[in-house]
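*Asks:* Supplied structure: structure.cif, mmCIF, C-alpha atoms.
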data_my_file
loop_
_atom_site.label_atom_id
_atom_site.label_comp_id
_atom_site.auth_asym_id
_atom_site.auth_seq_id
_atom_site.Cartn_x
_atom_site.Cartn_y
_atom_site.Cartn_z
CA MET A 1 -25.88 12.04 -76.69
CA ARG A 2 -28.21 13.10 -79.44
CA ASP A 3 -30.56 11.63 -82.01
CA ALA A 4 -30.83 13.13 -85.46
CA ARG A 5 -34.36 14.21 -86.26
CA GLY A 6 -36.57 12.60 -88.84
CA ALA A 7 -38.12 9.19 -89.34
CA PRO A 8 -37.25 6.78 -92.16
CA SER A 9 -39.66 4.38 -93.76
CA LEU A 10 -40.44 1.41 -91.52
CA ASP A 11 -41.13 -0.99 -94.38
CA PRO A 12 -39.98 -4.41 -93.24
CA VAL A 13 -36.71 -5.71 -94.63
CA SER A 14 -35.28 -9.20 -94.42
CA ASN A 15 -31.57 -8.33 -94.56
CA LEU A 16 -29.60 -5.78 -92.56
CA ARG A 17 -26.18 -4.41 -93.47
CA LEU A 18 -24.04 -3.87 -90.36
CA ALA A 19 -20.57 -2.33 -90.52
CA SER A 20 -17.58 -1.08 -88.57
CA TRP A 21 -15.41 1.74 -89.91
CA ASN A 22 -12.29 3.21 -88.31
CA LEU A 23 -12.06 6.70 -89.82
CA LEU A 24 -8.50 7.73 -88.85
CA HIS A 25 -10.27 11.09 -88.24
CA GLY A 26 -11.24 11.16 -91.92
CA ARG A 27 -7.68 11.34 -93.20
CA SER A 28 -6.92 10.31 -96.78
CA LEU A 29 -3.74 8.29 -97.16
CA MET A 30 -3.40 9.58 -100.73
CA ASP A 31 -2.63 13.17 -99.75
CA GLY A 32 -2.97 13.34 -95.94
CA LYS A 33 -5.98 15.68 -96.11
CA THR A 34 -9.38 15.46 -94.45
CA ARG A 35 -12.46 16.41 -96.45
CA PRO A 36 -16.17 15.96 -95.67
CA GLU A 37 -16.75 14.84 -99.25
CA ASP A 38 -14.46 11.83 -98.64
CA LEU A 39 -16.61 10.84 -95.66
CA HIS A 40 -19.74 11.25 -97.79
CA ALA A 41 -18.31 9.09 -100.57
CA GLY A 42 -17.21 6.41 -98.10
CA ALA A 43 -20.61 6.32 -96.39
CA LYS A 44 -22.42 5.94 -99.70
CA GLN A 45 -20.05 3.20 -100.82
CA LEU A 46 -20.46 1.36 -97.51
CA ASP A 47 -24.26 1.83 -97.57
CA PRO A 48 -24.88 0.60 -93.98
CA ASP A 49 -28.13 0.18 -92.10
CA VAL A 50 -26.07 0.45 -88.90
CA VAL A 51 -22.41 1.45 -88.71
CA ALA A 52 -20.08 1.85 -85.74
CA LEU A 53 -17.37 4.49 -86.20
CA GLN A 54 -14.00 4.76 -84.47
CA GLU A 55 -11.31 7.45 -84.35
CA VAL A 56 -13.96 10.09 -84.98
CA ASP A 57 -13.37 13.85 -84.76
CA ARG A 58 -15.90 16.47 -83.81
CA PHE A 59 -15.09 20.16 -84.25
CA GLN A 60 -11.35 19.47 -84.60
CA GLN A 61 -9.26 21.99 -86.52
CA ARG A 62 -7.29 19.17 -88.18
CA SER A 63 -10.47 17.81 -89.80
CA GLY A 64 -12.08 21.08 -90.82
CA GLY A 65 -14.16 21.65 -87.70
CA VAL A 66 -16.99 19.34 -88.78
CA ASP A 67 -19.04 16.82 -86.83
CA GLN A 68 -17.90 13.69 -88.68
CA THR A 69 -20.63 11.42 -87.27
CA ALA A 70 -23.30 13.85 -88.43
CA GLU A 71 -21.71 14.07 -91.88
CA ILE A 72 -21.73 10.28 -92.26
CA ALA A 73 -25.30 9.99 -90.97
CA ALA A 74 -26.50 12.53 -93.53
CA ALA A 75 -24.67 10.81 -96.38
CA ALA A 76 -26.00 7.39 -95.35
CA GLY A 77 -29.58 8.64 -95.03
CA ALA A 78 -29.64 7.73 -91.34
CA SER A 79 -31.99 9.47 -88.93
CA TRP A 80 -30.55 8.12 -85.68
CA TRP A 81 -26.96 8.73 -84.65
CA THR A 82 -24.78 9.63 -81.70
CA PHE A 83 -21.19 10.70 -81.11
CA VAL A 84 -19.61 9.78 -77.77
CA PRO A 85 -16.39 11.64 -76.89
CA SER A 86 -13.66 9.69 -75.15
CA LEU A 87 -11.48 12.78 -74.74
CA TRP A 88 -11.47 16.55 -75.16
CA GLY A 89 -8.75 18.15 -77.26
CA VAL A 90 -6.42 16.51 -79.78
CA PRO A 91 -5.45 12.84 -79.25
CA GLY A 92 -1.72 12.27 -79.00
CA ARG A 93 -1.09 15.94 -78.20
CA ASP A 94 -3.09 18.02 -75.74
CA TRP A 95 -6.14 16.25 -74.33
CA THR A 96 -8.12 15.51 -71.18
CA PRO A 97 -10.39 12.50 -70.58
CA THR A 98 -14.13 12.89 -70.53
CA SER A 99 -16.08 12.01 -67.41
CA PRO A 100 -19.37 10.11 -67.15
CA ASP A 101 -20.70 12.89 -64.90
CA GLU A 102 -19.94 15.86 -67.14
CA PRO A 103 -22.30 16.99 -69.89
CA ASP A 104 -21.28 16.71 -73.53
CA ASP A 105 -20.00 20.17 -74.50
CA GLN A 106 -21.30 20.40 -78.06
CA GLY A 107 -18.94 23.25 -78.96
CA ARG A 108 -15.71 21.69 -77.71
CA ALA A 109 -13.20 19.84 -79.88
CA ALA A 110 -13.55 16.13 -79.14
CA TYR A 111 -12.52 12.69 -80.31
CA GLY A 112 -14.26 9.37 -79.79
CA VAL A 113 -16.68 6.91 -81.36
CA GLY A 114 -19.97 7.18 -83.22
CA LEU A 115 -22.92 4.97 -84.00
CA VAL A 116 -25.22 5.64 -86.96
CA SER A 117 -28.50 3.84 -87.70
CA ARG A 118 -31.17 4.00 -90.38
CA LEU A 119 -33.41 1.98 -88.06
CA PRO A 120 -35.10 3.64 -85.08
CA VAL A 121 -33.07 3.61 -81.88
CA LEU A 122 -35.15 3.00 -78.76
CA GLU A 123 -32.42 3.44 -76.16
CA TRP A 124 -28.81 4.66 -75.91
CA ASP A 125 -26.18 3.97 -73.25
CA VAL A 126 -22.41 4.38 -72.76
CA LEU A 127 -19.69 2.34 -71.06
CA ARG A 128 -16.30 3.93 -70.31
CA PHE A 129 -12.83 2.49 -69.71
CA PRO A 130 -9.75 4.33 -68.38
CA PRO A 131 -6.58 4.24 -70.49
CA ALA A 132 -4.14 1.41 -69.94
CA PRO A 133 -1.21 2.54 -67.77
CA MET A 134 1.47 1.62 -70.31
CA ALA A 135 2.48 2.80 -73.79
CA MET A 136 2.95 0.49 -76.78
CA PRO A 137 4.87 0.77 -80.08
CA LEU A 138 2.39 1.22 -82.94
CA LEU A 139 2.69 1.63 -86.71
CA VAL A 140 1.58 5.23 -87.38
CA PRO A 141 0.90 6.24 -91.02
CA GLY A 142 3.65 8.54 -92.22
CA GLN A 143 5.74 8.10 -89.04
CA GLY A 144 6.59 4.40 -88.85
CA LEU A 145 6.81 2.61 -85.50
CA VAL A 146 6.06 5.05 -82.67
CA LYS A 147 5.62 4.50 -78.93
CA VAL A 148 2.06 5.62 -78.17
CA ASP A 149 0.23 6.16 -74.89
CA ASP A 150 -3.18 4.55 -74.57
CA GLU A 151 -6.36 6.65 -74.48
CA PRO A 152 -9.65 6.39 -72.62
CA ARG A 153 -12.00 3.98 -74.37
CA VAL A 154 -15.77 4.02 -74.73
CA ALA A 155 -18.50 1.71 -75.95
CA VAL A 156 -21.92 2.92 -77.09
CA ARG A 157 -24.97 0.67 -76.89
CA ALA A 158 -28.18 1.08 -78.89
CA VAL A 159 -31.38 -0.91 -78.67
CA VAL A 160 -32.56 -0.84 -82.27
CA SER A 161 -36.06 -1.46 -83.63
CA GLY A 162 -35.48 -4.13 -86.25
CA PRO A 163 -37.82 -5.63 -88.85
CA SER A 164 -38.70 -8.54 -86.54
CA GLY A 165 -38.35 -6.80 -83.18
CA PRO A 166 -35.73 -4.97 -81.13
CA PHE A 167 -32.10 -6.06 -81.01
CA THR A 168 -28.95 -4.62 -79.44
CA VAL A 169 -25.94 -3.11 -81.22
CA ILE A 170 -22.73 -2.08 -79.46
CA GLY A 171 -19.96 -0.07 -81.11
CA THR A 172 -16.51 0.31 -79.56
CA HIS A 173 -12.79 0.89 -80.03
CA LEU A 174 -10.82 -1.15 -77.51
CA SER A 175 -7.32 -0.63 -76.13
CA PHE A 176 -4.31 -1.69 -78.21
CA VAL A 177 -2.65 -3.11 -75.07
CA PRO A 178 -2.88 -6.93 -75.05
CA GLY A 179 -4.75 -8.30 -72.06
CA VAL A 180 -6.36 -4.95 -71.34
CA ASN A 181 -8.45 -5.19 -74.51
CA ALA A 182 -9.48 -8.76 -73.61
CA ARG A 183 -10.75 -7.60 -70.21
CA GLN A 184 -12.61 -4.73 -71.87
CA LEU A 185 -14.22 -7.11 -74.37
CA ARG A 186 -15.45 -9.41 -71.61
CA ARG A 187 -16.91 -6.39 -69.82
CA VAL A 188 -18.73 -5.31 -72.99
CA VAL A 189 -20.23 -8.80 -73.35
CA ARG A 190 -21.51 -8.71 -69.76
CA TRP A 191 -22.89 -5.20 -70.42
CA ALA A 192 -25.08 -6.56 -73.21
CA ALA A 193 -26.85 -8.98 -70.87
CA GLY A 194 -30.48 -8.14 -70.22
CA LYS A 195 -30.89 -6.17 -73.43
CA PRO A 196 -32.91 -7.49 -76.39
CA ALA A 197 -31.17 -10.23 -78.36
CA PRO A 198 -29.56 -10.84 -80.69
CA HIS A 199 -26.59 -8.80 -79.55
CA VAL A 200 -24.18 -7.46 -82.19
CA LEU A 201 -20.76 -5.95 -81.48
CA LEU A 202 -19.12 -3.76 -84.15
CA GLY A 203 -15.72 -2.23 -83.77
CA ASP A 204 -11.97 -1.96 -83.94
CA LEU A 205 -11.16 -4.39 -81.13
CA ASN A 206 -7.36 -4.21 -81.62
CA MET A 207 -7.35 -8.00 -81.43
CA PRO A 208 -6.31 -10.13 -84.42
CA GLY A 209 -7.92 -13.09 -86.12
CA ARG A 210 -10.15 -15.41 -84.10
CA LEU A 211 -9.10 -14.00 -80.72
CA PRO A 212 -12.23 -11.83 -80.22
CA GLU A 213 -14.47 -14.87 -80.75
CA TRP A 214 -12.51 -16.94 -78.24
CA VAL A 215 -12.44 -14.15 -75.64
CA SER A 216 -16.09 -13.11 -76.00
CA GLY A 217 -17.79 -16.44 -76.66
CA TRP A 218 -19.79 -14.72 -79.44
CA ARG A 219 -19.81 -15.83 -83.07
CA GLN A 220 -17.40 -14.03 -85.38
CA LEU A 221 -19.46 -13.13 -88.43
CA ALA A 222 -16.61 -11.81 -90.59
CA ARG A 223 -13.19 -13.42 -91.14
CA VAL A 224 -11.48 -10.90 -93.42
CA ARG A 225 -8.26 -8.90 -93.30
CA THR A 226 -8.78 -5.19 -92.62
CA TYR A 227 -5.37 -3.65 -91.79
CA PRO A 228 -3.45 -1.92 -93.26
CA SER A 229 -5.92 -0.73 -95.87
CA TRP A 230 -3.41 -0.58 -98.73
CA LYS A 231 -2.43 -4.25 -98.24
CA PRO A 232 -4.48 -5.92 -95.51
CA ARG A 233 -2.60 -8.57 -93.57
CA VAL A 234 -4.50 -8.79 -90.28
CA GLN A 235 -8.02 -8.31 -88.97
CA PHE A 236 -8.55 -5.75 -86.20
CA ASP A 237 -12.07 -4.74 -87.22
CA HIS A 238 -14.79 -7.19 -86.26
CA VAL A 239 -18.47 -8.07 -86.25
CA LEU A 240 -19.45 -10.40 -83.40
CA ALA A 241 -22.95 -11.56 -82.50
CA SER A 242 -24.92 -13.79 -80.16
CA PRO A 243 -27.07 -15.72 -80.74
CA VAL A 244 -26.62 -15.77 -84.52
CA THR A 245 -25.98 -18.77 -86.74
CA ALA A 246 -23.68 -19.00 -89.75
CA HIS A 247 -26.58 -19.44 -92.20
CA GLN A 248 -27.94 -16.01 -91.20
CA VAL A 249 -24.84 -14.34 -92.71
CA ARG A 250 -25.55 -13.45 -96.34
CA ASN A 251 -22.42 -11.51 -97.28
CA VAL A 252 -19.12 -10.31 -95.79
CA GLU A 253 -16.87 -7.56 -97.17
CA SER A 254 -13.60 -5.85 -96.32
CA MET A 255 -13.81 -2.49 -98.09
CA ARG A 256 -11.13 0.08 -98.76
CA LEU A 257 -12.81 3.47 -98.56
CA PRO A 258 -11.53 6.99 -99.41
CA VAL A 259 -10.17 7.55 -95.87
CA SER A 260 -8.28 5.63 -93.18
CA ASP A 261 -5.53 3.07 -92.76
CA HIS A 262 -8.22 0.48 -91.92
CA ASN A 263 -10.66 -1.15 -94.30
CA ALA A 264 -14.26 -1.08 -93.19
CA VAL A 265 -15.85 -4.46 -92.50
CA ALA A 266 -19.50 -5.03 -93.50
CA VAL A 267 -21.81 -7.98 -92.91
CA THR A 268 -25.23 -8.50 -94.48
CA LEU A 269 -27.27 -10.42 -91.93
CA THR A 270 -30.74 -11.88 -91.68
CA LEU A 271 -32.01 -11.51 -88.12
#
Written as C-alpha cells, that's how I'd like the structure from this file.
*Replies:*
Amino acid sequence: MRDARGAPSLDPVSNLRLASWNLLHGRSLMDGKTRPEDLHAGAKQLDPDVVALQEVDRFQQRSGGVDQTAEIAAAAGASWWTFVPSLWGVPGRDWTPTSPDEPDDQGRAAYGVGLVSRLPVLEWDVLRFPPAPMAMPLLVPGQGLVKVDDEPRVAVRAVVSGPSGPFTVIGTHLSFVPGVNARQLRRVVRWAAGKPAPHVLLGDLNMPGRLPEWVSGWRQLARVRTYPSWKPRVQFDHVLASPVTAHQVRNVESMRLPVSDHNAVAVTLTL
C-alpha cells in the first residue's frame, strides 16, 4: 500500500462528497478503448473528496500499462490514495490470487480496488475474501450472458482526518454470488468496529436495491439506479453509513461517466 505525497489545504469544510465508481478497467463503451484522459475527465466530473474504485487495472497491457488509481488521484487533486490488488495477471484469463503475506509487486500487472482521498489518511488496512466456489451467468458488455467464475475480493479501510475529527471509510467490490456477498458484507461491518465513527462503506456490493441496508444494518444514503450505465435499471453501487441520519445527506447523484458499464454514485454528506 502506498500514500501519494503532498498535503492539501486543511481548511475546514462542512460538506464532504463521497463516491463509488466501478471503472470496468477504464473501458469506454462508445468504442471499447481505454484511455487515461477518459479517467481524468471522469474524475474531474465526479469531483470527489473520497472515492472508492472497483475493477481497477494497474500496469495492464489492455489499459495502456498505467496505474489507474494514481491517474484518478492526480486528476481529482487527491494526495492520499492506495491500490490493493486482488489478483495478479488478467482477470477472466490468466491470473493468480494475491496473498496477505506477499509484498505488493509494484511492477507486476494487477487488478483490484482503489481508494482515493483529498483528506489526510491516518491509517490503512485490508481485508481479503477467497473467491466463491461456483460460477454465475453475468451480462458482459459486448458478449451478452456469459458464465463467469468468481474472483478473490478485497476491502480497503482508511481512517480519514475529517473536518470535525477522524472517521472511517471502507471501499470494496463484493462477490456476485448471492449469499456469499451477504456474508462478506456482514464481515466488513464487523471489521469496522472499533474504528472512529461514523463508518462509511462505498462500493459495488453486487446486491440490488435495499438489500445492502437490510443485511448490514447501516443506513443506505443513496437510492438510485446505477446499472447498466446506458439505461440504469438496478442499483449495485452503494453508499452505506453508520451512524448517519437522513438530514445529513445533502445531495445524491447517479452519474454516467466516460468509462464503464456502471454509473458512479456520489453522496454529499455533512458529518
*Asks:* Once the PyMOL selection byres ((chain A and resi 126-133) around 9) has been applied to the shown file, what residues remain in the selection, as an NGL selection string?
*Replies:* :A and (84 or 86 or 97 or 99-100 or 124-125 or 134-135 or 149-157 or 174-177 or 180 or 184 or 188 or 191)
*Asks:* Neighbours of segment 114-121 of chain A within 7 Å (only C-alpha atoms; same-chain residues fewer than 6 positions away dropped), as a PDB file with C-alpha atoms, in the frame of the given file?
*Replies:*
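Output (out-v9.pdb):
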ATOM      1  CA  PRO A   8     -37.250   6.780 -92.160  1.00  0.00           C
ATOM      2  CA  ASP A  49     -28.130   0.180 -92.100  1.00  0.00           C
ATOM      3  CA  VAL A  50     -26.070   0.450 -88.900  1.00  0.00           C
ATOM      4  CA  VAL A  51     -22.410   1.450 -88.710  1.00  0.00           C
ATOM      5  CA  ALA A  52     -20.080   1.850 -85.740  1.00  0.00           C
ATOM      6  CA  LEU A  53     -17.370   4.490 -86.200  1.00  0.00           C
ATOM      7  CA  GLN A  54     -14.000   4.760 -84.470  1.00  0.00           C
ATOM      8  CA  VAL A  56     -13.960  10.090 -84.980  1.00  0.00           C
ATOM      9  CA  THR A  69     -20.630  11.420 -87.270  1.00  0.00           C
ATOM     10  CA  ALA A  73     -25.300   9.990 -90.970  1.00  0.00           C
ATOM     11  CA  GLY A  77     -29.580   8.640 -95.030  1.00  0.00           C
ATOM     12  CA  ALA A  78     -29.640   7.730 -91.340  1.00  0.00           C
ATOM     13  CA  SER A  79     -31.990   9.470 -88.930  1.00  0.00           C
ATOM     14  CA  TRP A  80     -30.550   8.120 -85.680  1.00  0.00           C
ATOM     15  CA  TRP A  81     -26.960   8.730 -84.650  1.00  0.00           C
ATOM     16  CA  THR A  82     -24.780   9.630 -81.700  1.00  0.00           C
ATOM     17  CA  PHE A  83     -21.190  10.700 -81.110  1.00  0.00           C
ATOM     18  CA  VAL A  84     -19.610   9.780 -77.770  1.00  0.00           C
ATOM     19  CA  ALA A 158     -28.180   1.080 -78.890  1.00  0.00           C
ATOM     20  CA  VAL A 159     -31.380  -0.910 -78.670  1.00  0.00           C
ATOM     21  CA  VAL A 160     -32.560  -0.840 -82.270  1.00  0.00           C
ATOM     22  CA  SER A 161     -36.060  -1.460 -83.630  1.00  0.00           C
ATOM     23  CA  GLY A 162     -35.480  -4.130 -86.250  1.00  0.00           C
ATOM     24  CA  GLY A 171     -19.960  -0.070 -81.110  1.00  0.00           C
TER      25      GLY A 171
END
*Asks:* Would you please work out which residue, of A:Gln60, A:Gly107, A:Gly194, A:Arg233, is nearest to Gly209 of chain A when using only C-alpha atoms?
*Replies:*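 Between A:Gln60, A:Gly107, A:Gly194, A:Arg233, the residue approaching Gly209 of chain A most closely is A:Arg233.
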*Asks:* When you draw a straight line from atom CA of Trp95 of chain A to atom CA of Ala264 of chain A, how long is it in Å?
*Replies:*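 Answer for the atom CA of Trp95 of chain A to atom CA of Ala264 of chain A separation: 26.9 Å.
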*Asks:* Residues near segment 12-28 of chain A, anyone? I mean within 7 Å using only C-alpha atoms, not counting same-chain ones fewer than 2 positions away, as a PDB file with C-alpha atoms, in the coordinates of the input.
*Replies:*
ATOM      1  CA  LEU A  10     -40.440   1.410 -91.520  1.00  0.00           C
ATOM      2  CA  MET A  30      -3.400   9.580-100.730  1.00  0.00           C
ATOM      3  CA  ASP A  31      -2.630  13.170 -99.750  1.00  0.00           C
ATOM      4  CA  GLY A  32      -2.970  13.340 -95.940  1.00  0.00           C
ATOM      5  CA  LYS A  33      -5.980  15.680 -96.110  1.00  0.00           C
ATOM      6  CA  THR A  34      -9.380  15.460 -94.450  1.00  0.00           C
ATOM      7  CA  LEU A  39     -16.610  10.840 -95.660  1.00  0.00           C
ATOM      8  CA  PRO A  48     -24.880   0.600 -93.980  1.00  0.00           C
ATOM      9  CA  ASP A  49     -28.130   0.180 -92.100  1.00  0.00           C
ATOM     10  CA  VAL A  50     -26.070   0.450 -88.900  1.00  0.00           C
ATOM     11  CA  VAL A  51     -22.410   1.450 -88.710  1.00  0.00           C
ATOM     12  CA  ALA A  52     -20.080   1.850 -85.740  1.00  0.00           C
ATOM     13  CA  LEU A  53     -17.370   4.490 -86.200  1.00  0.00           C
ATOM     14  CA  GLN A  54     -14.000   4.760 -84.470  1.00  0.00           C
ATOM     15  CA  GLU A  55     -11.310   7.450 -84.350  1.00  0.00           C
ATOM     16  CA  VAL A  56     -13.960  10.090 -84.980  1.00  0.00           C
ATOM     17  CA  ASP A  57     -13.370  13.850 -84.760  1.00  0.00           C
ATOM     18  CA  SER A  63     -10.470  17.810 -89.800  1.00  0.00           C
ATOM     19  CA  PRO A 163     -37.820  -5.630 -88.850  1.00  0.00           C
ATOM     20  CA  LEU A 202     -19.120  -3.760 -84.150  1.00  0.00           C
ATOM     21  CA  GLY A 203     -15.720  -2.230 -83.770  1.00  0.00           C
ATOM     22  CA  ASP A 204     -11.970  -1.960 -83.940  1.00  0.00           C
ATOM     23  CA  ASP A 237     -12.070  -4.740 -87.220  1.00  0.00           C
ATOM     24  CA  PRO A 258     -11.530   6.990 -99.410  1.00  0.00           C
ATOM     25  CA  VAL A 259     -10.170   7.550 -95.870  1.00  0.00           C
ATOM     26  CA  SER A 260      -8.280   5.630 -93.180  1.00  0.00           C
ATOM     27  CA  ASP A 261      -5.530   3.070 -92.760  1.00  0.00           C
ATOM     28  CA  HIS A 262      -8.220   0.480 -91.920  1.00  0.00           C
ATOM     29  CA  ALA A 264     -14.260  -1.080 -93.190  1.00  0.00           C
ATOM     30  CA  VAL A 265     -15.850  -4.460 -92.500  1.00  0.00           C
ATOM     31  CA  ALA A 266     -19.500  -5.030 -93.500  1.00  0.00           C
ATOM     32  CA  VAL A 267     -21.810  -7.980 -92.910  1.00  0.00           C
ATOM     33  CA  THR A 268     -25.230  -8.500 -94.480  1.00  0.00           C
ATOM     34  CA  LEU A 269     -27.270 -10.420 -91.930  1.00  0.00           C
ATOM     35  CA  THR A 270     -30.740 -11.880 -91.680  1.00  0.00           C
TER      36      THR A 270
END
*Asks:* Would you please work out which residue, of A:Arg186, A:His173, A:Lys147, A:Arg93, is nearest to Gly112 of chain A when using all atoms listed in the file?
*Replies:*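 Of A:Arg186, A:His173, A:Lys147, A:Arg93, the one nearest Gly112 of chain A is A:His173, counting all atoms listed in the file.
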*Asks:* From the list A:Arg183, A:His199, A:Arg190, A:His247, which residue is nearest Thr168 of chain A when using all atoms listed in the file?
*Replies:*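 Counting all atoms listed in the file, the residue closest to Thr168 of chain A is A:His199.
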*Asks:* Rank nothing, just name the residue among A:Arg256, A:His238, A:Arg108, A:Lys231 nearest to Ile170 of chain A, using all atoms listed in the file.
*Replies:*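 Using all atoms listed in the file, the shortest distance to Ile170 of chain A belongs to A:His238.
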*Asks:* What is the distance between atom CA of Val169 of chain A and atom CA of Asn251 of chain A, in Å to one decimal?
*Replies:*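 Going from atom CA of Val169 of chain A over to atom CA of Asn251 of chain A covers 18.5 Å.
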*Asks:* Distance atom CA of Asn206 of chain A-atom CA of Ala75 of chain A, one decimal place?
*Replies:*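 Atom-to-atom, atom CA of Asn206 of chain A to atom CA of Ala75 of chain A, that is 27.3 Å.
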*Asks:* For Thr245 of chain A, which residue out of A:Pro228, A:Gly65, A:Gly165, A:Pro198 is the nearest one, using only C-alpha atoms?
*Replies:*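 Checking each of A:Pro228, A:Gly65, A:Gly165, A:Pro198 against Thr245 of chain A, counting only C-alpha atoms, the winner is A:Pro198.
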*Asks:* Report as number ranges by chain all protein, DNA and RNA residues lying within 6 Å of Trp218 of chain A, evaluated on all atoms listed in the file, omitting residues in the same chain fewer than 2 positions from it.
*Replies:* A: 213, 216, 240-242
*Asks:* Let me have the centre and edge lengths in Å, one decimal, of the box along x, y and z around every listed atom of segment 68-72 of chain A with 6 Å of margin on each side, as AutoDock Vina command-line options.
*Replies:*
--center_x -20.6 --center_y 12.2 --center_z -89.8 --size_x 17.4 --size_y 15.8 --size_z 17.0
*Asks:* If the PyMOL selection byres ((chain A and resi 235) around 7) is run on the structure shown, which residues does it catch, given as a VMD selection string?
*Replies:* chain A and resid 208 to 209 224 to 227 234 236 to 237
*Asks:* Nearest residue to Pro166 of chain A out of A:Asp67, A:Leu271, A:Met255, A:Val189, using only C-alpha atoms?
*Replies:*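 Selected residue with least distance to Pro166 of chain A: A:Leu271.
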*Asks:* Quick one: everything within 12 Å of Asp94 of chain A, counting all atoms listed in the file, minus sequence neighbours fewer than 2 positions away in the same chain. Send it as a list in words.
*Replies:*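 Skipping anything fewer than 2 positions along the chain leaves Leu87, Trp88, Gly89, Val90, Pro91, Gly92, Thr96, Pro97, Ala109, Ala110, Tyr111 and Glu151 of chain A.
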*Asks:* Can you sort out segment 85-101 of chain A so it carries N, CA and C atoms, written as a JSON list (two decimals), in the frame of the given file?
*Replies:*
[["chain", "number", "residue", "atom", "x", "y", "z"],
["A", 85, "PRO", "N", -17.80, 11.28, -77.04],
["A", 85, "PRO", "CA", -16.39, 11.64, -76.89],
["A", 85, "PRO", "C", -15.70, 10.79, -75.84],
["A", 86, "SER", "N", -14.49, 10.35, -76.16],
["A", 86, "SER", "CA", -13.66, 9.69, -75.15],
["A", 86, "SER", "C", -12.67, 10.67, -74.54],
["A", 87, "LEU", "N", -12.38, 11.77, -75.26],
["A", 87, "LEU", "CA", -11.48, 12.78, -74.74],
["A", 87, "LEU", "C", -11.78, 14.13, -75.37],
["A", 88, "TRP", "N", -11.40, 15.18, -74.65],
["A", 88, "TRP", "CA", -11.47, 16.55, -75.16],
["A", 88, "TRP", "C", -10.08, 16.94, -75.66],
["A", 89, "GLY", "N", -10.03, 17.71, -76.72],
["A", 89, "GLY", "CA", -8.75, 18.15, -77.26],
["A", 89, "GLY", "C", -8.29, 17.25, -78.40],
["A", 90, "VAL", "N", -6.98, 17.22, -78.64],
["A", 90, "VAL", "CA", -6.42, 16.51, -79.78],
["A", 90, "VAL", "C", -5.70, 15.25, -79.29],
["A", 91, "PRO", "N", -6.12, 14.06, -79.71],
["A", 91, "PRO", "CA", -5.45, 12.84, -79.25],
["A", 91, "PRO", "C", -3.98, 12.82, -79.66],
["A", 92, "GLY", "N", -3.15, 12.33, -78.74],
["A", 92, "GLY", "CA", -1.72, 12.27, -79.00],
["A", 92, "GLY", "C", -0.99, 13.57, -78.74],
["A", 93, "ARG", "N", -1.74, 14.65, -78.42],
["A", 93, "ARG", "CA", -1.09, 15.94, -78.20],
["A", 93, "ARG", "C", -1.55, 16.55, -76.89],
["A", 94, "ASP", "N", -2.61, 17.30, -76.93],
["A", 94, "ASP", "CA", -3.09, 18.02, -75.74],
["A", 94, "ASP", "C", -4.54, 17.62, -75.50],
["A", 95, "TRP", "N", -4.79, 16.73, -74.54],
["A", 95, "TRP", "CA", -6.14, 16.25, -74.33],
["A", 95, "TRP", "C", -6.39, 15.96, -72.86],
["A", 96, "THR", "N", -7.67, 15.91, -72.51],
["A", 96, "THR", "CA", -8.12, 15.51, -71.18],
["A", 96, "THR", "C", -9.23, 14.48, -71.35],
["A", 97, "PRO", "N", -9.33, 13.51, -70.45],
["A", 97, "PRO", "CA", -10.39, 12.50, -70.58],
["A", 97, "PRO", "C", -11.75, 13.09, -70.27],
["A", 98, "THR", "N", -12.77, 12.52, -70.89],
["A", 98, "THR", "CA", -14.13, 12.89, -70.53],
["A", 98, "THR", "C", -14.54, 12.14, -69.27],
["A", 99, "SER", "N", -15.58, 12.62, -68.65],
["A", 99, "SER", "CA", -16.08, 12.01, -67.41],
["A", 99, "SER", "C", -17.53, 11.62, -67.61],
["A", 100, "PRO", "N", -17.96, 10.51, -67.01],
["A", 100, "PRO", "CA", -19.37, 10.11, -67.15],
["A", 100, "PRO", "C", -20.34, 11.10, -66.51],
["A", 101, "ASP", "N", -19.82, 11.96, -65.62],
["A", 101, "ASP", "CA", -20.70, 12.89, -64.90],
["A", 101, "ASP", "C", -20.79, 14.26, -65.56]]
